[in-house]
Amino acid sequence: MEPLRELAKEKLKDKKVIAIMSAKGGVGKSVISALISLSLPSDVTLIDLDIHTMAIAKLFGVENVPLEVSKEGIEPVKIRNVNLISLAGIVRDRYVILPGRNQSNVMKELIAYSSIKGKYVVFDLPPGLGDEILVLEELSDFKPIVVTTPSKVSLKVVKYLLDYLNERKKKALVVVNMSYFTCNDQRVNLFGNYNGDVNLPIDPNL
Amino acid sequence: MEPLRELAKEKLKDKKVIAIMSAKGGVGKSVISALISLSLPSDVTLIDLDIHTMAIAKLFGVENVPLEVSKEGIEPVKIRNVNLISLAGIVRDRYVILPGRNQSNVMKELIAYSSIKGKYVVFDLPPGLGDEILVLEELSDFKPIVVTTPSKVSLKVVKYLLDYLNERKKKALVVVNMSYFTCNDQRVNLFGNYNGDVNLPIDPNL
Amino acid sequence: MHEWSIAYSVVKTLTENFNKKISKVTLVIPLFSFLDIEILKEAFNELKKENPIVENAELEVKIQEPTFRCRNCNREFKFSDIQQQVGEVKNSYGEEYPLHLMPELLPAFIKCPYCGSHDIEAIGQEIYIEKVEEYGAVERVS
Amino acid sequence: MHEWSIAYSVVKTLTENFNKKISKVTLVIPLFSFLDIEILKEAFNELKKENPIVENAELEVKIQEPTFRCRNCNREFKFSDIQQQVGEVKNSYGEEYPLHLMPELLPAFIKCPYCGSHDIEAIGQEIYIEKVEEYGAVERVS
Ligand SMILES: Nc1ncnc2c1ncn2[C@@H]1O[C@H](COP(=O)(O)OP(=O)(O)O)[C@@H](O)[C@H]1O
Ligand SMILES: Nc1ncnc2c1ncn2[C@@H]1O[C@H](COP(=O)(O)OP(=O)(O)O)[C@@H](O)[C@H]1O
Ligand SMILES: [Mg+2]
Ligand SMILES: [Mg+2]
Ligand SMILES: [Mg+2]
Ligand SMILES: [Mg+2]
Ligand code: NI
Ligand code: NI
Ligand SMILES: [Zn+2]
Ligand SMILES: [Zn+2]
């Protein structure tokens, strides 16, 4: 009997869960997770499951904000409508090197022991096809948003992820990020050519 | 007593081992692994430890070449001076979804059961600060090459990796990839500003 | 304060998995999370009021001392061998320190006393319910 | 052919860890890797000639049938419950199929028969040396 697992499931029950994923790294998952969260119409909890890079706290400029703990759990950092839960607040400014066998329980601990507010939960996933997906499948019925760049390597890897999601009967929204760059009113396809459900340009002001 | 571990160590003994790493994804580790391998003066074995994306086989255009097995082990695919060892040849064209607890042994199996040729071994690592580094430390005295882009998130995450490598008394060469783009003879810093030991531009013809 | 989350996880686990009223539950926790047993019991006694299945349940807490094994050099060691490291982490962070909140983070903070690797496996670091007694029966649960 | 690599790993492990001549070694392998025992022994008898410590060693092979547990729905199952899946993977790839070469890849290819998840834990899938007998002594090694 696993109290950790039961509590993590309980925390996600009755929530609308969205997972921003891609097996490939550096495609813009964290950037898109932040943008989607900020654009939701009500309070949202954004959970950074990329336990090694913890990029979201940096994107929001809160990586040195120490956490508080209440009777409800680890309290998130609030930025506008976004309640951010990140390992960055727990470990503060230092590396997290972790064997694979600990990963899924660290993710469960982050979910179970945090105070999750609002109706929406957005998960920013690390690259890979591993524990992050398996844990989310165990704990909730999430909606997947798959992010890719137009490069052939990234598209191939995303195809693997979509194959897997189809097998698990999950329909994904595909976002193609960094699909083009506007250079002197001319469109340059730096990383290749592909069309998704949503296509985003390269923005140097990001 | 672990025959797998002993054989993996044996395979890397007396080799010059180079590990291309970054805790962040999409910074160009696979591209740089390929370039470094092709530029070495003699035969090299290039091992793709990114078990989820298997990008190297795609970069070299050999993802559908089936493997052969000899008495010496799983035979690599030869491209010029590069002997490529990749999970892609073993699983062929399909996804690899794997719990974290299996990762380190899959990596050890890939190293132990392959025929490793030449004096140099180059490892292309996945993003993260986990099993890939811990396994390499267990099995060999490798030279680290750390890859980053100039973005602040990537630099922060690379700092964590450099902190860890310093703690383990390993001096890393830092490669800053996609450091600039030449647009009508003008240098555009799409992803920020930073100088490493080596600085590489964005090349749309890659 | 984290003790309240642990107590809540126990209450939730019991109410999700049992139909009969429970008289006693035995919870095992690892030594290095330094949970405050008094606060844990106080929180449990408060939270158990929410559900008839557990409203009369007594909480017994056992503290388990894990053993450790380095997957780099294969040596085994005890908590006493890393006690100083744990103390330094505690002093650095304060009461709600990372291993208090998330025991599975142990390898991120603790190095093998012999070779310095973070590839440490702890046997017995999980928080689990060892035993549940229902009114009128004894049930052993793993 | 992969059997040669397994035999080589046994020879290397013994020569790295023992000083006395070895009379017998017991190797445990998982059922689903379908290693050919005859080829394995033939390879061992050839490769053992390289080192005096093992040149007279006999290889005993035990086939272990792992048990499985799904970490998604928590059910346990046996090899017979996944035998058809394993057969399909074998037919798809041929003799040197992925689980023959790399048993740790099992979760990538096999799904829980109850809920379809790949989060499967196999207990007893590792290839290990269970026992080594030296001339003049009996030694049990884990
Ligand atoms: N549309 C975009 N235009 C410009 N830069 C982008 C864009 N999307 C992402 N980036 C940059 O690319 C890098 C990788 O983005 P990130 O969201 O961290 O990817 P992932 O989470 O997939 O690893 C970051 O430096 C980020 O600022
Ligand atoms: N210098 C460069 N110029 C243009 N594109 C690049 C450059 N380096 C890498 N890329 C592209 O960026 C993407 C990520 O590169 P990759 O080597 O796969 O990164 P990683 O291995 O770190 O995930 C790929 O599509 C690759 O083709
Ligand atoms: Mg990433
Ligand atoms: Mg990210
Ligand atoms: Mg990558
Ligand atoms: Mg790569
Ligand atoms: Ni506390
Ligand atoms: Ni074979
Ligand atoms: Zn050690
Ligand atoms: Zn199942």
# chains A, B, ... in the order shown; residues from 1 in each chain; ligands from 1
$ residues_near_ligand --ligand "ligand 5" --cutoff "8 Å" --atoms "only C-alpha atoms and all ligand atoms" --output "JSON, numbers by chain"
{"A": [23, 24, 25, 26, 127], "B": [24, 25, 26, 27, 28, 29, 30, 50, 53, 55, 126, 127]}
$ write_last_selection --atoms "N, CA and C atoms" --output "PDB file, in the first residue's frame"
ATOM      1  N   ALA A  23       9.474  13.905 -26.916  1.00  0.00           N
ATOM      2  CA  ALA A  23      10.604  13.054 -26.550  1.00  0.00           C
ATOM      3  C   ALA A  23      11.925  13.789 -26.749  1.00  0.00           C
ATOM      4  N   LYS A  24      11.903  14.848 -27.564  1.00  0.00           N
ATOM      5  CA  LYS A  24      13.127  15.597 -27.888  1.00  0.00           C
ATOM      6  C   LYS A  24      13.261  16.811 -26.980  1.00  0.00           C
ATOM      7  N   GLY A  25      14.499  17.175 -26.666  1.00  0.00           N
ATOM      8  CA  GLY A  25      14.768  18.339 -25.831  1.00  0.00           C
ATOM      9  C   GLY A  25      14.947  19.609 -26.639  1.00  0.00           C
ATOM     10  N   GLY A  26      14.732  20.742 -25.979  1.00  0.00           N
ATOM     11  CA  GLY A  26      15.009  22.038 -26.586  1.00  0.00           C
ATOM     12  C   GLY A  26      14.062  22.448 -27.675  1.00  0.00           C
ATOM     13  N   PRO A 127      12.384  16.011 -21.662  1.00  0.00           N
ATOM     14  CA  PRO A 127      12.479  15.190 -22.864  1.00  0.00           C
ATOM     15  C   PRO A 127      12.585  13.722 -22.484  1.00  0.00           C
TER      16      PRO A 127
ATOM     17  N   LYS B  24      20.696  20.078 -20.676  1.00  0.00           N
ATOM     18  CA  LYS B  24      19.588  20.629 -21.472  1.00  0.00           C
ATOM     19  C   LYS B  24      19.495  19.909 -22.814  1.00  0.00           C
ATOM     20  N   GLY B  25      18.268  19.776 -23.312  1.00  0.00           N
ATOM     21  CA  GLY B  25      18.056  19.130 -24.599  1.00  0.00           C
ATOM     22  C   GLY B  25      18.054  20.118 -25.748  1.00  0.00           C
ATOM     23  N   GLY B  26      18.335  19.626 -26.944  1.00  0.00           N
ATOM     24  CA  GLY B  26      18.248  20.404 -28.158  1.00  0.00           C
ATOM     25  C   GLY B  26      19.326  21.445 -28.342  1.00  0.00           C
ATOM     26  N   VAL B  27      20.433  21.286 -27.639  1.00  0.00           N
ATOM     27  CA  VAL B  27      21.512  22.275 -27.742  1.00  0.00           C
ATOM     28  C   VAL B  27      22.494  21.937 -28.864  1.00  0.00           C
ATOM     29  N   GLY B  28      22.392  20.721 -29.429  1.00  0.00           N
ATOM     30  CA  GLY B  28      23.296  20.315 -30.499  1.00  0.00           C
ATOM     31  C   GLY B  28      24.272  19.226 -30.115  1.00  0.00           C
ATOM     32  N   LYS B  29      23.994  18.496 -29.025  1.00  0.00           N
ATOM     33  CA  LYS B  29      24.908  17.432 -28.593  1.00  0.00           C
ATOM     34  C   LYS B  29      25.111  16.398 -29.699  1.00  0.00           C
ATOM     35  N   SER B  30      24.013  15.970 -30.325  1.00  0.00           N
ATOM     36  CA  SER B  30      24.117  14.910 -31.338  1.00  0.00           C
ATOM     37  C   SER B  30      24.854  15.405 -32.566  1.00  0.00           C
ATOM     38  N   ASP B  50      21.431   8.213 -25.934  1.00  0.00           N
ATOM     39  CA  ASP B  50      20.107   8.817 -25.835  1.00  0.00           C
ATOM     40  C   ASP B  50      19.101   7.765 -26.296  1.00  0.00           C
ATOM     41  N   THR B  53      15.609   8.978 -28.044  1.00  0.00           N
ATOM     42  CA  THR B  53      15.507   9.686 -29.324  1.00  0.00           C
ATOM     43  C   THR B  53      16.334   9.041 -30.434  1.00  0.00           C
ATOM     44  N   ALA B  55      18.954   9.864 -32.020  1.00  0.00           N
ATOM     45  CA  ALA B  55      19.106  10.858 -33.082  1.00  0.00           C
ATOM     46  C   ALA B  55      20.255  10.581 -34.036  1.00  0.00           C
ATOM     47  N   PRO B 126      22.093  11.754 -23.571  1.00  0.00           N
ATOM     48  CA  PRO B 126      20.791  12.419 -23.544  1.00  0.00           C
ATOM     49  C   PRO B 126      20.854  13.640 -22.628  1.00  0.00           C
ATOM     50  N   PRO B 127      19.807  14.496 -22.687  1.00  0.00           N
ATOM     51  CA  PRO B 127      19.743  15.578 -21.707  1.00  0.00           C
ATOM     52  C   PRO B 127      19.462  15.011 -20.328  1.00  0.00           C
TER      53      PRO B 127
END
$ closest_atom_pairs --of "chain B" --to "chain A" --cutoff "7 Å" --atoms "only C-alpha atoms" --output "CSV"
residue,atom,partner,partner_atom,distance
B:Ala23,CA,A:Thr53,CA,6.6
B:Lys24,CA,A:Thr53,CA,6.6
B:Gly25,CA,A:Gly25,CA,3.6
B:Gly26,CA,A:Gly26,CA,4.0
B:Val27,CA,A:Gly26,CA,6.6
B:His52,CA,A:Gly128,CA,5.6
B:Thr53,CA,A:Val157,CA,5.6
B:Ala55,CA,A:Val153,CA,6.0
B:Lys58,CA,A:Val153,CA,6.3
B:Arg94,CA,A:Tyr160,CA,6.3
B:Tyr95,CA,A:Tyr160,CA,4.8
B:Val96,CA,A:Leu129,CA,6.8
B:Ile97,CA,A:Leu129,CA,4.8
B:Leu98,CA,A:Gly130,CA,4.8
B:Pro99,CA,A:Asp131,CA,5.1
B:Gly100,CA,A:Gly100,CA,4.1
B:Arg101,CA,A:Arg101,CA,4.0
B:Gln103,CA,A:Gly100,CA,6.4
B:Gly128,CA,A:His52,CA,5.6
B:Leu129,CA,A:Ile97,CA,4.8
B:Gly130,CA,A:Leu98,CA,4.8
B:Asp131,CA,A:Pro99,CA,5.1
B:Val153,CA,A:Ala55,CA,6.0
B:Val157,CA,A:Thr53,CA,5.6
B:Tyr160,CA,A:Tyr95,CA,4.8
B:Leu161,CA,A:Tyr95,CA,7.0
B:Leu190,CA,A:Pro204,CA,5.0
B:Phe191,CA,A:Pro204,CA,6.4
B:Pro204,CA,A:Leu190,CA,5.0
$ residues_near_ligand --ligand "ligand 8" --cutoff "10 Å" --atoms "only C-alpha atoms and all ligand atoms" --output "list in words"
Val69, Ser70, Lys71 and Gly73 of chain B; Met1, His2, Glu3, Trp4, Ser5, Ile6, Ser33, Phe34, Leu35, Asp36, Ile39, Leu40, Glu95, Glu96, Tyr97, His100 and Leu101 of chain D
$ calpha_fit_and_write --fixed "chain D" --moving "chain C" --output "compact mmCIF listing (two decimals) with C-alpha atoms, in the first residue's frame"
# COMPACT_ATOMS: atom_id res chain seq x y z
CA MET C 1 25.81 -15.45 -31.46
CA HIS C 2 24.99 -13.19 -28.52
CA GLU C 3 25.77 -16.19 -26.33
CA TRP C 4 29.46 -15.51 -26.97
CA SER C 5 29.15 -12.07 -25.34
CA ILE C 6 27.45 -13.60 -22.31
CA ALA C 7 30.15 -16.27 -22.03
CA TYR C 8 32.82 -13.59 -22.34
CA SER C 9 31.18 -11.57 -19.54
CA VAL C 10 31.34 -14.63 -17.28
CA VAL C 11 34.99 -15.32 -18.08
CA LYS C 12 35.88 -11.66 -17.50
CA THR C 13 33.98 -11.47 -14.22
CA LEU C 14 35.69 -14.57 -12.87
CA THR C 15 39.18 -13.55 -13.94
CA GLU C 16 38.70 -10.04 -12.53
CA ASN C 17 37.43 -11.21 -9.14
CA PHE C 18 39.20 -14.46 -8.31
CA ASN C 19 42.78 -15.56 -7.64
CA LYS C 20 42.29 -19.30 -7.23
CA LYS C 21 41.49 -21.80 -9.98
CA ILE C 22 37.76 -22.28 -10.40
CA SER C 23 36.10 -25.67 -10.75
CA LYS C 24 32.50 -24.63 -11.34
CA VAL C 25 30.43 -21.53 -11.95
CA THR C 26 26.63 -21.29 -11.83
CA LEU C 27 25.06 -18.67 -14.09
CA VAL C 28 21.42 -17.59 -13.88
CA ILE C 29 19.68 -16.27 -16.99
CA PRO C 30 16.07 -15.10 -17.54
CA LEU C 31 13.70 -17.30 -19.53
CA PHE C 32 12.62 -14.60 -21.98
CA SER C 33 16.11 -13.92 -23.36
CA PHE C 34 15.99 -17.39 -24.97
CA LEU C 35 19.73 -17.91 -24.85
CA ASP C 36 20.91 -21.13 -26.48
CA ILE C 37 22.45 -23.12 -23.61
CA GLU C 38 24.52 -25.36 -25.90
CA ILE C 39 26.08 -22.41 -27.73
CA LEU C 40 26.62 -20.66 -24.40
CA LYS C 41 28.54 -23.63 -23.00
CA GLU C 42 30.49 -24.08 -26.23
CA ALA C 43 31.50 -20.41 -26.18
CA PHE C 44 32.45 -20.60 -22.51
CA ASN C 45 34.58 -23.70 -23.12
CA GLU C 46 36.36 -21.90 -25.95
CA LEU C 47 36.88 -18.57 -24.18
CA LYS C 48 37.92 -20.06 -20.83
CA LYS C 49 41.13 -21.33 -22.48
CA GLU C 50 42.47 -17.77 -22.35
CA ASN C 51 43.02 -17.76 -18.60
CA PRO C 52 44.42 -20.39 -16.18
CA ILE C 53 41.99 -19.39 -13.42
CA VAL C 54 39.03 -20.61 -15.45
CA GLU C 55 40.57 -23.08 -17.88
CA ASN C 56 39.14 -26.04 -15.95
CA ALA C 57 35.88 -24.43 -14.93
CA GLU C 58 32.56 -26.07 -15.63
CA LEU C 59 29.59 -23.84 -16.50
CA GLU C 60 26.20 -24.67 -15.04
CA VAL C 61 23.27 -22.66 -16.39
CA LYS C 62 20.01 -22.11 -14.54
CA ILE C 63 17.04 -20.63 -16.32
CA GLN C 64 14.99 -18.33 -14.11
CA GLU C 65 11.37 -17.54 -14.78
CA PRO C 66 10.84 -13.94 -13.67
CA THR C 67 7.66 -12.67 -12.09
CA PHE C 68 6.22 -9.37 -13.22
CA ARG C 69 4.49 -6.48 -11.54
CA CYS C 70 2.68 -3.57 -13.19
CA ARG C 71 3.46 -0.27 -11.50
CA ASN C 72 0.39 1.31 -13.07
CA CYS C 73 -2.36 -1.01 -11.82
CA ASN C 74 -0.23 -2.94 -9.25
CA ARG C 75 -1.21 -6.39 -10.47
CA GLU C 76 1.30 -9.24 -10.60
CA PHE C 77 1.61 -11.72 -13.43
CA LYS C 78 3.72 -14.57 -14.75
CA PHE C 79 5.60 -15.27 -17.94
CA SER C 80 2.68 -17.32 -19.25
CA ASP C 81 0.57 -14.14 -19.16
CA ILE C 82 2.92 -12.38 -21.59
CA GLN C 83 4.07 -15.37 -23.57
CA GLN C 84 2.01 -14.44 -26.60
CA GLN C 85 3.40 -10.88 -26.62
CA VAL C 86 6.95 -12.22 -26.38
CA GLY C 87 6.23 -14.62 -29.22
CA GLU C 88 5.01 -11.78 -31.41
CA VAL C 89 8.17 -9.78 -30.72
CA LYS C 90 10.30 -12.82 -31.55
CA ASN C 91 8.45 -13.45 -34.79
CA SER C 92 8.75 -9.80 -35.72
CA TYR C 93 12.53 -9.62 -35.29
CA GLY C 94 13.95 -13.13 -35.65
CA GLU C 95 16.51 -14.99 -33.54
CA GLU C 96 18.61 -12.04 -32.38
CA TYR C 97 15.54 -10.22 -31.12
CA PRO C 98 15.82 -7.24 -28.75
CA LEU C 99 15.03 -9.14 -25.53
CA HIS C 100 17.58 -11.80 -26.46
CA LEU C 101 20.24 -9.11 -26.81
CA MET C 102 19.10 -6.72 -24.07
CA PRO C 103 16.72 -8.18 -21.44
CA GLU C 104 16.42 -4.80 -19.69
CA LEU C 105 14.43 -3.56 -22.70
CA LEU C 106 11.47 -5.70 -21.60
CA PRO C 107 9.13 -2.80 -20.67
CA ALA C 108 9.66 -1.22 -24.10
CA PHE C 109 8.11 -4.26 -25.79
CA ILE C 110 5.74 -5.83 -23.27
CA LYS C 111 2.53 -4.34 -21.94
CA CYS C 112 0.61 -5.19 -18.80
CA PRO C 113 -1.98 -7.83 -19.72
CA TYR C 114 -4.48 -6.05 -17.49
CA CYS C 115 -4.18 -2.32 -18.19
CA GLY C 116 -1.81 -2.06 -21.17
CA SER C 117 0.84 0.04 -19.40
CA HIS C 118 4.54 -0.39 -20.19
CA ASP C 119 5.43 0.37 -16.56
CA ILE C 120 6.33 -3.24 -15.87
CA GLU C 121 8.83 -4.36 -13.30
CA ALA C 122 10.39 -7.77 -13.76
CA ILE C 123 11.75 -9.47 -10.66
CA GLY C 124 14.50 -11.83 -11.76
CA GLN C 125 15.45 -10.58 -15.21
CA GLU C 126 19.14 -10.01 -14.53
CA ILE C 127 21.92 -12.31 -15.69
CA TYR C 128 24.10 -13.04 -12.68
CA ILE C 129 26.62 -15.49 -11.27
CA GLU C 130 24.93 -17.31 -8.42
CA LYS C 131 27.75 -19.55 -7.26
CA VAL C 132 31.46 -20.08 -7.79
CA GLU C 133 33.36 -23.14 -6.62
CA GLU C 134 37.13 -22.98 -6.31
CA TYR C 135 39.38 -26.00 -6.18
CA GLY C 136 39.61 -26.97 -2.52
CA ALA C 137 36.75 -24.80 -1.28
CA VAL C 138 33.06 -24.00 -1.75
CA GLU C 139 32.18 -20.36 -2.04
CA ARG C 140 28.71 -18.91 -2.34
CA VAL C 141 28.61 -15.55 -4.08
CA SER C 142 25.63 -13.32 -4.72
$ atom_distance --atom1 "atom CA of B:Leu200" --atom2 "atom 4 (C, counted along the ligand's line) of ligand 1"
17.6 Å
$ select_by_dssp --residues "stretch 1-99 of chain B" --states "helix (DSSP H, G or I)" --output "PyMOL selection string"
chain B and resi 3-12+29-39+55-59+87-91
$ select_by_dssp --residues "chain D" --states "strand (DSSP E)" --output "ChimeraX atom specification"
/D:22-30,58-64,67-70,76-77,120-123,128-134,137-140
$ closest_residue --among "B:Leu40, B:Ala8, B:Ile145, B:Leu49" --to "ligand 6" --atoms "only C-alpha atoms and all ligand atoms"
B:Leu49
$ atom_distance --atom1 "atom CA of A:Lys169" --atom2 "atom CA of A:Leu136"
14.5 Å
